[in-house]
>>> print(open('input_15.cif').read())   # mmCIF, C-alpha atoms and all ligand atoms
data_target
loop_
_atom_site.group_PDB
_atom_site.id
_atom_site.type_symbol
_atom_site.label_atom_id
_atom_site.label_comp_id
_atom_site.auth_asym_id
_atom_site.auth_seq_id
_atom_site.Cartn_x
_atom_site.Cartn_y
_atom_site.Cartn_z
ATOM 1 C CA MET A 1 0.000 0.000 0.000
ATOM 2 C CA ASN A 2 1.135 3.545 -0.774
ATOM 3 C CA ASP A 3 3.639 2.212 -3.286
ATOM 4 C CA ALA A 4 4.806 3.452 -6.680
ATOM 5 C CA LYS A 5 6.414 1.492 -9.465
ATOM 6 C CA ILE A 6 7.677 2.601 -12.870
ATOM 7 C CA ILE A 7 5.788 0.769 -15.589
ATOM 8 C CA ALA A 8 6.945 2.801 -18.606
ATOM 9 C CA VAL A 9 9.799 5.146 -19.534
ATOM 10 C CA THR A 10 10.524 6.940 -22.808
ATOM 11 C CA GLN A 11 12.482 4.618 -25.092
ATOM 12 C CA PRO A 12 14.985 6.691 -27.128
ATOM 13 C CA LEU A 13 15.508 5.555 -30.706
ATOM 14 C CA ILE A 14 18.823 7.342 -31.080
ATOM 15 C CA GLU A 15 21.644 4.874 -31.588
ATOM 16 C CA SER A 16 24.378 4.972 -28.975
ATOM 17 C CA HIS A 17 26.650 2.315 -30.493
ATOM 18 C CA ARG A 18 26.603 -1.112 -32.150
ATOM 19 C CA ASP A 19 26.962 -4.370 -30.224
ATOM 20 C CA LEU A 20 29.253 -7.266 -31.215
ATOM 21 C CA ALA A 21 26.594 -8.589 -33.585
ATOM 22 C CA ASP A 22 26.401 -5.136 -35.209
ATOM 23 C CA LYS A 23 22.938 -4.567 -33.776
ATOM 24 C CA PRO A 24 22.056 -1.003 -32.707
ATOM 25 C CA VAL A 25 22.137 -0.217 -28.984
ATOM 26 C CA TYR A 26 19.946 2.771 -28.237
ATOM 27 C CA MET A 27 20.664 5.572 -25.790
ATOM 28 C CA THR A 28 19.321 5.225 -22.264
ATOM 29 C CA PRO A 29 16.736 7.833 -21.201
ATOM 30 C CA ASN A 30 19.534 9.363 -19.082
ATOM 31 C CA GLU A 31 21.817 9.706 -22.125
ATOM 32 C CA PHE A 32 18.904 10.955 -24.192
ATOM 33 C CA ILE A 33 18.366 13.945 -21.870
ATOM 34 C CA ALA A 34 22.006 14.951 -22.409
ATOM 35 C CA TYR A 35 21.545 14.423 -26.171
ATOM 36 C CA THR A 36 18.602 16.842 -26.268
ATOM 37 C CA ALA A 37 20.406 19.369 -24.040
ATOM 38 C CA ARG A 38 23.208 19.490 -26.631
ATOM 39 C CA VAL A 39 20.840 20.392 -29.462
ATOM 40 C CA SER A 40 22.936 23.412 -30.366
ATOM 41 C CA ASN A 41 26.089 21.383 -30.687
ATOM 42 C CA PRO A 42 25.293 18.609 -33.198
ATOM 43 C CA SER A 43 28.912 17.385 -33.458
ATOM 44 C CA ASN A 44 28.968 16.458 -29.763
ATOM 45 C CA GLN A 45 25.390 15.257 -29.392
ATOM 46 C CA HIS A 46 26.310 11.578 -29.444
ATOM 47 C CA ASN A 47 28.827 11.935 -26.656
ATOM 48 C CA THR A 48 27.460 9.661 -23.927
ATOM 49 C CA LEU A 49 30.676 9.652 -21.858
ATOM 50 C CA THR A 50 29.873 12.947 -20.163
ATOM 51 C CA SER A 51 26.085 12.522 -19.972
ATOM 52 C CA GLU A 52 26.074 12.011 -16.202
ATOM 53 C CA LYS A 53 28.204 15.102 -15.623
ATOM 54 C CA LEU A 54 26.061 17.223 -17.902
ATOM 55 C CA LEU A 55 22.852 16.134 -16.158
ATOM 56 C CA LYS A 56 24.290 17.081 -12.775
ATOM 57 C CA TYR A 57 25.255 20.452 -14.178
ATOM 58 C CA LEU A 58 21.757 21.006 -15.587
ATOM 59 C CA ILE A 59 20.210 20.168 -12.212
ATOM 60 C CA GLU A 60 22.586 22.436 -10.285
ATOM 61 C CA HIS A 61 21.744 25.318 -12.588
ATOM 62 C CA LYS A 62 17.998 24.584 -12.630
ATOM 63 C CA HIS A 63 18.080 24.136 -16.390
ATOM 64 C CA TRP A 64 14.940 21.981 -16.332
ATOM 65 C CA SER A 65 13.679 21.856 -19.933
ATOM 66 C CA PRO A 66 15.858 18.875 -21.043
ATOM 67 C CA PHE A 67 14.191 16.869 -18.233
ATOM 68 C CA GLU A 68 10.897 17.372 -20.036
ATOM 69 C CA MET A 69 12.161 15.260 -22.961
ATOM 70 C CA VAL A 70 11.635 11.997 -21.036
ATOM 71 C CA SER A 71 8.328 10.764 -19.655
ATOM 72 C CA ILE A 72 7.667 8.204 -16.957
ATOM 73 C CA THR A 73 4.488 6.333 -16.039
ATOM 74 C CA MET A 74 4.109 4.855 -12.570
ATOM 75 C CA GLU A 75 1.518 2.540 -11.111
ATOM 76 C CA ILE A 76 0.428 3.756 -7.683
ATOM 77 C CA ASN A 77 -1.616 1.802 -5.156
ATOM 78 C CA THR A 78 -3.030 3.913 -2.367
ATOM 79 C CA THR A 79 -6.300 4.997 -0.762
ATOM 80 C CA ARG A 80 -8.844 7.348 -2.339
ATOM 81 C CA ASP A 81 -8.086 10.291 -0.028
ATOM 82 C CA ILE A 82 -4.395 10.188 -1.009
ATOM 83 C CA SER A 83 -5.140 9.743 -4.719
ATOM 84 C CA HIS A 84 -7.234 12.910 -4.448
ATOM 85 C CA GLN A 85 -4.110 14.798 -3.301
ATOM 86 C CA ILE A 86 -1.984 13.155 -6.003
ATOM 87 C CA ILE A 87 -4.186 14.167 -8.903
ATOM 88 C CA ARG A 88 -3.845 17.840 -7.920
ATOM 89 C CA HIS A 89 -0.404 17.705 -9.582
ATOM 90 C CA ARG A 90 -1.810 19.100 -12.778
ATOM 91 C CA SER A 91 1.230 18.682 -14.995
ATOM 92 C CA PHE A 92 0.653 14.892 -14.948
ATOM 93 C CA SER A 93 -1.868 12.738 -16.814
ATOM 94 C CA PHE A 94 -3.831 10.134 -14.885
ATOM 95 C CA GLN A 95 -5.812 6.990 -15.388
ATOM 96 C CA GLU A 96 -7.580 5.759 -12.234
ATOM 97 C CA PHE A 97 -9.705 2.776 -11.223
ATOM 98 C CA SER A 98 -13.306 3.933 -11.651
ATOM 99 C CA GLN A 99 -15.883 3.034 -9.032
ATOM 100 C CA ARG A 100 -18.585 3.901 -11.590
ATOM 101 C CA TYR A 101 -17.813 0.814 -13.663
ATOM 102 C CA ALA A 102 -16.157 -1.646 -11.279
ATOM 103 C CA ASP A 103 -17.171 -2.916 -7.855
ATOM 104 C CA PRO A 104 -14.511 -1.915 -5.284
ATOM 105 C CA THR A 105 -15.792 -4.496 -2.780
ATOM 106 C CA LYS A 106 -14.758 -7.157 -5.330
ATOM 107 C CA ASP A 107 -11.779 -5.599 -7.155
ATOM 108 C CA MET A 108 -10.141 -3.399 -4.493
ATOM 109 C CA GLN A 109 -9.183 -3.922 -0.884
ATOM 110 C CA PHE A 110 -10.093 -2.071 2.270
ATOM 111 C CA VAL A 111 -7.454 -1.002 4.775
ATOM 112 C CA THR A 112 -7.280 0.347 8.303
ATOM 113 C CA ARG A 113 -5.338 3.518 9.063
ATOM 114 C CA GLU A 114 -2.733 4.218 11.699
ATOM 115 C CA ALA A 115 -3.744 5.899 14.964
ATOM 116 C CA ARG A 116 -1.674 9.086 14.723
ATOM 117 C CA LEU A 117 -2.352 12.092 16.926
ATOM 118 C CA GLN A 118 -3.017 15.653 15.836
ATOM 119 C CA ASP A 119 0.011 17.889 16.400
ATOM 120 C CA ALA A 120 -1.427 20.839 18.325
ATOM 121 C CA LYS A 121 1.343 23.188 17.145
ATOM 122 C CA ASN A 122 1.527 22.241 13.478
ATOM 123 C CA ARG A 123 -1.661 21.246 11.677
ATOM 124 C CA GLN A 124 0.336 19.810 8.752
ATOM 125 C CA ASN A 125 1.822 17.250 11.121
ATOM 126 C CA SER A 126 0.584 14.207 13.006
ATOM 127 C CA ILE A 127 2.318 12.341 15.809
ATOM 128 C CA GLU A 128 3.052 8.611 15.956
ATOM 129 C CA VAL A 129 1.582 6.839 18.976
ATOM 130 C CA GLY A 130 4.358 5.271 21.060
ATOM 131 C CA ASP A 131 4.161 3.244 24.251
ATOM 132 C CA GLU A 132 3.673 6.123 26.680
ATOM 133 C CA THR A 133 0.335 7.061 28.197
ATOM 134 C CA ILE A 134 -1.287 9.966 26.362
ATOM 135 C CA SER A 135 -2.807 12.791 28.360
ATOM 136 C CA SER A 136 -5.917 14.259 26.789
ATOM 137 C CA SER A 137 -8.869 16.479 27.641
ATOM 138 C CA ILE A 138 -10.839 13.352 28.653
ATOM 139 C CA GLY A 139 -8.009 12.054 30.878
ATOM 140 C CA ASP A 140 -5.122 9.609 30.397
ATOM 141 C CA ILE A 141 -5.331 7.287 27.388
ATOM 142 C CA ASN A 142 -3.584 3.953 27.112
ATOM 143 C CA PRO A 143 -1.807 3.833 23.670
ATOM 144 C CA SER A 144 -2.597 0.191 22.875
ATOM 145 C CA GLY A 145 -6.201 0.773 23.903
ATOM 146 C CA LEU A 146 -6.354 3.760 21.538
ATOM 147 C CA LYS A 147 -4.928 1.752 18.634
ATOM 148 C CA PHE A 148 -7.370 -1.096 19.304
ATOM 149 C CA GLN A 149 -10.312 1.276 19.531
ATOM 150 C CA TRP A 150 -9.347 3.140 16.348
ATOM 151 C CA ASN A 151 -8.949 -0.159 14.444
ATOM 152 C CA SER A 152 -12.287 -1.469 15.701
ATOM 153 C CA VAL A 153 -14.127 1.686 14.638
ATOM 154 C CA GLN A 154 -12.634 1.494 11.136
ATOM 155 C CA GLU A 155 -13.457 -2.201 10.753
ATOM 156 C CA GLU A 156 -16.999 -1.586 11.918
ATOM 157 C CA ILE A 157 -17.461 1.235 9.382
ATOM 158 C CA THR A 158 -15.920 -0.804 6.550
ATOM 159 C CA ASN A 159 -18.055 -3.870 7.219
ATOM 160 C CA LEU A 160 -21.214 -1.799 7.509
ATOM 161 C CA ALA A 161 -20.423 0.166 4.331
ATOM 162 C CA LYS A 162 -19.545 -2.988 2.366
ATOM 163 C CA ASP A 163 -22.730 -4.774 3.459
ATOM 164 C CA HIS A 164 -24.960 -1.822 2.572
ATOM 165 C CA TYR A 165 -23.065 -1.289 -0.704
ATOM 166 C CA LYS A 166 -23.697 -4.905 -1.709
ATOM 167 C CA ASP A 167 -27.368 -4.564 -0.723
ATOM 168 C CA ALA A 168 -27.690 -1.392 -2.802
ATOM 169 C CA ILE A 169 -26.148 -3.115 -5.839
ATOM 170 C CA SER A 170 -28.529 -6.070 -5.402
ATOM 171 C CA TRP A 171 -31.481 -3.605 -5.426
ATOM 172 C CA GLY A 172 -30.242 -2.281 -8.766
ATOM 173 C CA ILE A 173 -28.756 1.004 -7.449
ATOM 174 C CA ALA A 174 -26.125 2.318 -9.894
ATOM 175 C CA LYS A 175 -22.467 1.881 -8.870
ATOM 176 C CA GLU A 176 -21.936 5.641 -9.238
ATOM 177 C CA GLN A 177 -24.521 6.171 -6.476
ATOM 178 C CA ALA A 178 -23.725 3.158 -4.291
ATOM 179 C CA ARG A 179 -20.052 4.177 -4.019
ATOM 180 C CA ALA A 180 -21.088 7.303 -2.122
ATOM 181 C CA ILE A 181 -21.351 5.299 1.094
ATOM 182 C CA LEU A 182 -17.841 3.782 0.900
ATOM 183 C CA PRO A 183 -15.273 5.387 3.263
ATOM 184 C CA GLU A 184 -12.763 7.016 0.886
ATOM 185 C CA GLY A 185 -9.807 6.856 3.289
ATOM 186 C CA LEU A 186 -10.272 3.111 3.820
ATOM 187 C CA THR A 187 -10.983 2.180 0.204
ATOM 188 C CA THR A 188 -7.954 1.447 -1.958
ATOM 189 C CA THR A 189 -7.462 2.591 -5.519
ATOM 190 C CA ARG A 190 -4.997 2.116 -8.342
ATOM 191 C CA LEU A 191 -3.854 4.858 -10.662
ATOM 192 C CA TYR A 192 -1.382 5.354 -13.456
ATOM 193 C CA MET A 193 0.433 8.673 -13.254
ATOM 194 C CA SER A 194 2.351 9.870 -16.266
ATOM 195 C CA GLY A 195 4.550 12.921 -16.561
ATOM 196 C CA THR A 196 7.916 14.280 -17.566
ATOM 197 C CA LEU A 197 10.976 13.651 -15.422
ATOM 198 C CA ARG A 198 10.925 17.357 -14.573
ATOM 199 C CA SER A 199 7.424 17.022 -13.086
ATOM 200 C CA TRP A 200 8.427 13.891 -11.173
ATOM 201 C CA ILE A 201 11.433 15.685 -9.665
ATOM 202 C CA HIS A 202 9.289 18.545 -8.404
ATOM 203 C CA TYR A 203 6.439 16.306 -7.301
ATOM 204 C CA ILE A 204 8.901 14.286 -5.190
ATOM 205 C CA ASP A 205 10.545 17.446 -3.822
ATOM 206 C CA VAL A 206 7.187 18.630 -2.495
ATOM 207 C CA ARG A 207 5.585 15.350 -1.457
ATOM 208 C CA ALA A 208 8.607 13.704 0.178
ATOM 209 C CA GLU A 209 8.763 16.656 2.599
ATOM 210 C CA GLU A 210 7.657 16.554 6.236
ATOM 211 C CA GLY A 211 4.684 18.872 5.566
ATOM 212 C CA THR A 212 3.044 16.173 3.433
ATOM 213 C CA GLN A 213 0.815 13.507 5.008
ATOM 214 C CA LYS A 214 2.775 10.331 5.865
ATOM 215 C CA GLU A 215 0.827 8.038 3.484
ATOM 216 C CA HIS A 216 1.442 10.411 0.562
ATOM 217 C CA ARG A 217 5.089 10.755 1.581
ATOM 218 C CA GLN A 218 5.423 6.970 1.331
ATOM 219 C CA VAL A 219 4.205 7.139 -2.279
ATOM 220 C CA ALA A 220 6.647 9.971 -3.104
ATOM 221 C CA LEU A 221 9.595 8.162 -1.489
ATOM 222 C CA ALA A 222 8.774 4.977 -3.407
ATOM 223 C CA ALA A 223 8.619 7.064 -6.610
ATOM 224 C CA ARG A 224 12.007 8.584 -5.770
ATOM 225 C CA ASP A 225 13.590 5.118 -5.328
ATOM 226 C CA GLU A 226 12.159 4.057 -8.681
ATOM 227 C CA ILE A 227 13.480 7.152 -10.462
ATOM 228 C CA LEU A 228 16.948 6.764 -8.967
ATOM 229 C CA ARG A 229 17.179 3.237 -10.417
ATOM 230 C CA HIS A 230 16.758 4.691 -13.908
ATOM 231 C CA PHE A 231 18.372 8.120 -13.410
ATOM 232 C CA PRO A 232 21.360 7.679 -11.084
ATOM 233 C CA SER A 233 22.571 11.208 -11.873
ATOM 234 C CA LEU A 234 19.794 12.439 -9.546
ATOM 235 C CA ASN A 235 21.396 10.681 -6.591
ATOM 236 C CA ASP A 236 23.476 13.712 -5.590
ATOM 237 C CA TYR A 237 20.487 16.019 -5.992
ATOM 238 C CA TRP A 238 18.433 14.134 -3.408
ATOM 239 C CA TYR A 239 21.079 12.649 -1.161
ATOM 240 C CA SER A 240 24.120 14.939 -1.043
ATOM 241 C CA ALA A 241 24.537 18.000 1.106
ATOM 242 C CA PRO A 242 24.277 21.175 -1.005
ATOM 243 C CA GLN A 243 27.626 21.926 -2.561
ATOM 244 C CA GLU A 244 29.055 25.146 -3.833
ATOM 245 C CA ILE A 245 28.215 25.474 -7.492
ATOM 246 C CA GLU A 246 31.239 25.966 -9.706
ATOM 247 C CA GLN A 247 31.098 29.430 -11.184
ATOM 248 C CA PRO A 248 31.270 28.927 -14.948
ATOM 249 C CA SER A 249 33.149 32.097 -15.753
ATOM 250 C CA LYS A 250 36.008 31.354 -13.319
ATOM 251 C CA LYS A 251 37.484 28.165 -14.726
ATOM 252 C CA LYS A 252 35.316 26.729 -17.432
ATOM 253 C CA HIS A 253 32.835 28.397 -19.717
ATOM 254 C CA TRP A 254 29.378 26.909 -19.089
ATOM 255 C CA LEU A 255 29.028 26.038 -22.781
ATOM 256 C CA GLU A 256 31.988 23.682 -22.418
ATOM 257 C CA TYR A 257 29.713 21.289 -20.560
ATOM 258 C CA PHE A 258 27.506 21.157 -23.625
ATOM 259 C CA TRP A 259 30.162 21.361 -26.304
ATOM 260 C CA ASN A 260 33.033 19.529 -24.641
ATOM 261 C CA THR A 261 35.522 21.966 -26.179
ATOM 262 C CA SER A 262 37.481 24.873 -24.758
ATOM 263 C CA ILE A 263 35.882 28.254 -24.990
ATOM 264 C CA ALA A 264 37.733 31.490 -24.459
ATOM 265 C CA ASP A 265 36.058 33.947 -22.097
HETATM 266 C C1 LIG A 301 1.872 20.408 2.158
HETATM 267 C C2 LIG A 301 0.816 20.734 1.147
HETATM 268 C C3 LIG A 301 -0.394 21.259 1.538
HETATM 269 C C4 LIG A 301 -1.366 21.559 0.610
HETATM 270 N N1 LIG A 301 -2.556 22.066 1.014
HETATM 271 C C5 LIG A 301 -3.540 22.378 0.133
HETATM 272 C C6 LIG A 301 -4.798 22.908 0.542
HETATM 273 O O1 LIG A 301 -5.015 23.149 1.699
HETATM 274 N N2 LIG A 301 -5.751 23.152 -0.408
HETATM 275 C C7 LIG A 301 -5.517 22.928 -1.726
HETATM 276 O O2 LIG A 301 -6.406 23.171 -2.553
HETATM 277 N N3 LIG A 301 -4.326 22.417 -2.156
HETATM 278 C C8 LIG A 301 -3.343 22.145 -1.260
HETATM 279 N N4 LIG A 301 -2.140 21.611 -1.699
HETATM 280 C C9 LIG A 301 -1.972 21.334 -3.131
HETATM 281 C C10 LIG A 301 -1.096 22.398 -3.840
HETATM 282 O O3 LIG A 301 -1.667 23.686 -3.714
HETATM 283 C C11 LIG A 301 -0.927 22.060 -5.340
HETATM 284 O O4 LIG A 301 -2.180 22.027 -5.961
HETATM 285 C C12 LIG A 301 -0.250 20.724 -5.552
HETATM 286 O O5 LIG A 301 0.895 20.634 -4.743
HETATM 287 C C13 LIG A 301 0.092 20.576 -7.032
HETATM 288 O O6 LIG A 301 1.184 21.410 -7.355
HETATM 289 P P1 LIG A 301 1.367 22.121 -8.772
HETATM 290 O O7 LIG A 301 0.137 22.846 -9.117
HETATM 291 O O8 LIG A 301 2.637 22.891 -8.684
HETATM 292 O O9 LIG A 301 1.466 20.921 -9.823
HETATM 293 P P2 LIG A 301 2.733 20.116 -10.374
HETATM 294 O O10 LIG A 301 2.195 19.248 -11.452
HETATM 295 O O11 LIG A 301 3.440 19.407 -9.250
HETATM 296 O O12 LIG A 301 3.724 21.221 -10.929
HETATM 297 C C14 LIG A 301 3.380 22.053 -12.044
HETATM 298 C C15 LIG A 301 4.611 22.413 -12.860
HETATM 299 O O13 LIG A 301 5.492 23.234 -12.077
HETATM 300 C C16 LIG A 301 6.824 22.720 -12.158
HETATM 301 N N5 LIG A 301 7.533 22.993 -10.903
HETATM 302 C C17 LIG A 301 7.086 22.783 -9.659
HETATM 303 N N6 LIG A 301 8.029 23.135 -8.746
HETATM 304 C C18 LIG A 301 9.085 23.590 -9.441
HETATM 305 C C19 LIG A 301 10.372 24.092 -9.080
HETATM 306 N N7 LIG A 301 10.734 24.180 -7.800
HETATM 307 N N8 LIG A 301 11.213 24.483 -10.060
HETATM 308 C C20 LIG A 301 10.853 24.379 -11.356
HETATM 309 N N9 LIG A 301 9.645 23.911 -11.765
HETATM 310 C C21 LIG A 301 8.772 23.511 -10.833
HETATM 311 C C22 LIG A 301 6.648 21.222 -12.385
HETATM 312 O O14 LIG A 301 7.783 20.643 -13.005
HETATM 313 C C23 LIG A 301 5.432 21.194 -13.290
HETATM 314 O O15 LIG A 301 5.796 21.343 -14.643
HETATM 315 C C24 LIG A 301 -1.131 21.318 -0.783
HETATM 316 C C25 LIG A 301 0.096 20.798 -1.168
HETATM 317 C C26 LIG A 301 1.079 20.508 -0.244
HETATM 318 C C27 LIG A 301 2.391 19.946 -0.710
#
>>> encode(input="input_15.cif", output="structure tokens", more="lines below")
Ligand SMILES: Cc1cc2nc3c(=O)[nH]c(=O)nc-3n(C[C@H](O)[C@H](O)[C@H](O)COP(=O)(O)OP(=O)(O)OC[C@H]3O[C@@H](n4cnc5c(N)ncnc54)[C@H](O)[C@@H]3O)c2cc1C
Amino acid sequence: MNDAKIIAVTQPLIESHRDLADKPVYMTPNEFIAYTARVSNPSNQHNTLTSEKLLKYLIEHKHWSPFEMVSITMEINTTRDISHQIIRHRSFSFQEFSQRYADPTKDMQFVTREARLQDAKNRQNSIEVGDETISSSIGDINPSGLKFQWNSVQEEITNLAKDHYKDAISWGIAKEQARAILPEGLTTTRLYMSGTLRSWIHYIDVRAEEGTQKEHRQVALAARDEILRHFPSLNDYWYSAPQEIEQPSKKKHWLEYFWNTSIAD
């Protein structure tokens, strides 16, 4: 639950080299971004040796448009309340399981949610329940009792909603109306989310942050792991401490990264 998996990535059709059987080996999506970034330097466009370095340079200098040349589709499994947040990211395209046509009590699962506490100081945050007694306005609360109670309430609601949903369907009520009684935060969904690498980078930047709800953060972190498998040049961007950016005019002209030749200032 709350996972993300890459199911499609742009497949470049630009030849990188030939294998031993003289068959074409195409550029990786990573190499392809560097290829498109070097559009103004055709003689060096096929240089894949410095692709990684160029991508890091583009990221450091927020030169984002080459990252729009590659698209990624992920399959995401989550609950309906989280998918509602996800689809706000308007630069993406979506395809989601429709409760108008399919029966979620047959094709989707129901989950129970963690008992986290409201953070009184920060409304964008919730607090994990540990082993300590919790003091509240109604007196001391035992943490395992709270978890048990919260689980029981959710199970009761789910069972009631599922039973009434099935009844409604058996009476001939349309699925688009019957779904109204299903608890959206306990009902799972599946969606395909497709967008450019640039959009994925910024989606992850925002949704992997502390201010985002934990369940959505889990989706964003899973998406980040997936992207790093295909685009290792982003590793430094997400995992390294900020480094001083080399000033292009001091040692190397910035166009040298694109052209791989010396340029006089
Ligand atoms: C913590 C949190 C709380 C929120 N609360 C509310 C709420 O109360 N009510 C509500 O209606 N909505 C809320 N939202 C949703 C929010 O307002 C946006 O609708 C949502 O995050 C989608 O972002 P977006 O429109 O930038 O779309 P995206 O598709 O993520 O981005 C649009 C475009 O901007 C680009 N982009 C984004 N960031 C950068 C960057 N740093 N540099 C370069 N390009 C960039 C992307 O690449 C993309 O092309 C909340 C979001 C968060 C994260």
>>> closest_residue(input="input_15.cif", among="A:Ile86, A:Leu160, A:Met74, A:Leu54", to="ligand LIG 301 (chain A)", atoms="all atoms listed in the file")
A:Ile86
>>> closest_residue(input="input_15.cif", among="A:Phe148, A:Trp64, A:Trp171, A:Phe94", to="ligand LIG 301 (chain A)", atoms="all atoms listed in the file")
A:Trp64
>>> resolve_selection(input="input_15.cif", expression="the PyMOL selection byres (((chain A and resi 122-126) around 10) and not hetatm)", output="PDB file with C-alpha atoms, in the coordinates of the input")
ATOM      1  CA  ALA A 115      -3.744   5.899  14.964  1.00  0.00           C
ATOM      2  CA  ARG A 116      -1.674   9.086  14.723  1.00  0.00           C
ATOM      3  CA  LEU A 117      -2.352  12.092  16.926  1.00  0.00           C
ATOM      4  CA  GLN A 118      -3.017  15.653  15.836  1.00  0.00           C
ATOM      5  CA  ASP A 119       0.011  17.889  16.400  1.00  0.00           C
ATOM      6  CA  ALA A 120      -1.427  20.839  18.325  1.00  0.00           C
ATOM      7  CA  LYS A 121       1.343  23.188  17.145  1.00  0.00           C
ATOM      8  CA  ILE A 127       2.318  12.341  15.809  1.00  0.00           C
ATOM      9  CA  GLU A 128       3.052   8.611  15.956  1.00  0.00           C
ATOM     10  CA  VAL A 129       1.582   6.839  18.976  1.00  0.00           C
ATOM     11  CA  GLU A 210       7.657  16.554   6.236  1.00  0.00           C
ATOM     12  CA  GLY A 211       4.684  18.872   5.566  1.00  0.00           C
ATOM     13  CA  THR A 212       3.044  16.173   3.433  1.00  0.00           C
ATOM     14  CA  GLN A 213       0.815  13.507   5.008  1.00  0.00           C
ATOM     15  CA  LYS A 214       2.775  10.331   5.865  1.00  0.00           C
TER      16      LYS A 214
END
>>> axis_aligned_box(input="input_15.cif", around="ligand LIG 301 (chain A)", padding_each_side="3 Å", output="AutoDock Vina command-line options")
--center_x 2.4 --center_y 21.9 --center_z -6.2 --size_x 23.6 --size_y 11.2 --size_z 22.8
>>> resolve_selection(input="input_15.cif", expression="the PyMOL selection byres (((not hetatm)) within 12 of (chain A and resi 301))", output="PDB file with C-alpha atoms, in the frame of the given file")
ATOM      1  CA  ILE A  59      20.210  20.168 -12.212  1.00  0.00           C
ATOM      2  CA  GLU A  60      22.586  22.436 -10.285  1.00  0.00           C
ATOM      3  CA  HIS A  61      21.744  25.318 -12.588  1.00  0.00           C
ATOM      4  CA  LYS A  62      17.998  24.584 -12.630  1.00  0.00           C
ATOM      5  CA  HIS A  63      18.080  24.136 -16.390  1.00  0.00           C
ATOM      6  CA  TRP A  64      14.940  21.981 -16.332  1.00  0.00           C
ATOM      7  CA  SER A  65      13.679  21.856 -19.933  1.00  0.00           C
ATOM      8  CA  PRO A  66      15.858  18.875 -21.043  1.00  0.00           C
ATOM      9  CA  PHE A  67      14.191  16.869 -18.233  1.00  0.00           C
ATOM     10  CA  GLU A  68      10.897  17.372 -20.036  1.00  0.00           C
ATOM     11  CA  SER A  71       8.328  10.764 -19.655  1.00  0.00           C
ATOM     12  CA  ILE A  82      -4.395  10.188  -1.009  1.00  0.00           C
ATOM     13  CA  HIS A  84      -7.234  12.910  -4.448  1.00  0.00           C
ATOM     14  CA  GLN A  85      -4.110  14.798  -3.301  1.00  0.00           C
ATOM     15  CA  ILE A  86      -1.984  13.155  -6.003  1.00  0.00           C
ATOM     16  CA  ILE A  87      -4.186  14.167  -8.903  1.00  0.00           C
ATOM     17  CA  ARG A  88      -3.845  17.840  -7.920  1.00  0.00           C
ATOM     18  CA  HIS A  89      -0.404  17.705  -9.582  1.00  0.00           C
ATOM     19  CA  ARG A  90      -1.810  19.100 -12.778  1.00  0.00           C
ATOM     20  CA  SER A  91       1.230  18.682 -14.995  1.00  0.00           C
ATOM     21  CA  PHE A  92       0.653  14.892 -14.948  1.00  0.00           C
ATOM     22  CA  SER A  93      -1.868  12.738 -16.814  1.00  0.00           C
ATOM     23  CA  PHE A  94      -3.831  10.134 -14.885  1.00  0.00           C
ATOM     24  CA  ASN A 122       1.527  22.241  13.478  1.00  0.00           C
ATOM     25  CA  ARG A 123      -1.661  21.246  11.677  1.00  0.00           C
ATOM     26  CA  GLN A 124       0.336  19.810   8.752  1.00  0.00           C
ATOM     27  CA  ASN A 125       1.822  17.250  11.121  1.00  0.00           C
ATOM     28  CA  MET A 193       0.433   8.673 -13.254  1.00  0.00           C
ATOM     29  CA  SER A 194       2.351   9.870 -16.266  1.00  0.00           C
ATOM     30  CA  GLY A 195       4.550  12.921 -16.561  1.00  0.00           C
ATOM     31  CA  THR A 196       7.916  14.280 -17.566  1.00  0.00           C
ATOM     32  CA  LEU A 197      10.976  13.651 -15.422  1.00  0.00           C
ATOM     33  CA  ARG A 198      10.925  17.357 -14.573  1.00  0.00           C
ATOM     34  CA  SER A 199       7.424  17.022 -13.086  1.00  0.00           C
ATOM     35  CA  TRP A 200       8.427  13.891 -11.173  1.00  0.00           C
ATOM     36  CA  ILE A 201      11.433  15.685  -9.665  1.00  0.00           C
ATOM     37  CA  HIS A 202       9.289  18.545  -8.404  1.00  0.00           C
ATOM     38  CA  TYR A 203       6.439  16.306  -7.301  1.00  0.00           C
ATOM     39  CA  ILE A 204       8.901  14.286  -5.190  1.00  0.00           C
ATOM     40  CA  ASP A 205      10.545  17.446  -3.822  1.00  0.00           C
ATOM     41  CA  VAL A 206       7.187  18.630  -2.495  1.00  0.00           C
ATOM     42  CA  ARG A 207       5.585  15.350  -1.457  1.00  0.00           C
ATOM     43  CA  ALA A 208       8.607  13.704   0.178  1.00  0.00           C
ATOM     44  CA  GLU A 209       8.763  16.656   2.599  1.00  0.00           C
ATOM     45  CA  GLU A 210       7.657  16.554   6.236  1.00  0.00           C
ATOM     46  CA  GLY A 211       4.684  18.872   5.566  1.00  0.00           C
ATOM     47  CA  THR A 212       3.044  16.173   3.433  1.00  0.00           C
ATOM     48  CA  GLN A 213       0.815  13.507   5.008  1.00  0.00           C
ATOM     49  CA  LYS A 214       2.775  10.331   5.865  1.00  0.00           C
ATOM     50  CA  HIS A 216       1.442  10.411   0.562  1.00  0.00           C
ATOM     51  CA  ARG A 217       5.089  10.755   1.581  1.00  0.00           C
ATOM     52  CA  ALA A 220       6.647   9.971  -3.104  1.00  0.00           C
TER      53      ALA A 220
END
>>> residues_around(input="input_15.cif", residues="Pro183 of chain A", least_positions_apart="2", cutoff="9 Å", atoms="all atoms listed in the file", output="MDAnalysis selection string")
chainID A and resid 80 157:158 161 179:181 185:187
>>> closest_residue(input="input_15.cif", among="A:Ser233, A:Thr188, A:Thr50, A:Gln177", to="Asp3 of chain A", atoms="all atoms listed in the file")
A:Thr188
>>> atom_distance(input="input_15.cif", atom1="atom CA of Pro104 of chain A", atom2="atom CA of Arg190 of chain A")
10.8 Å
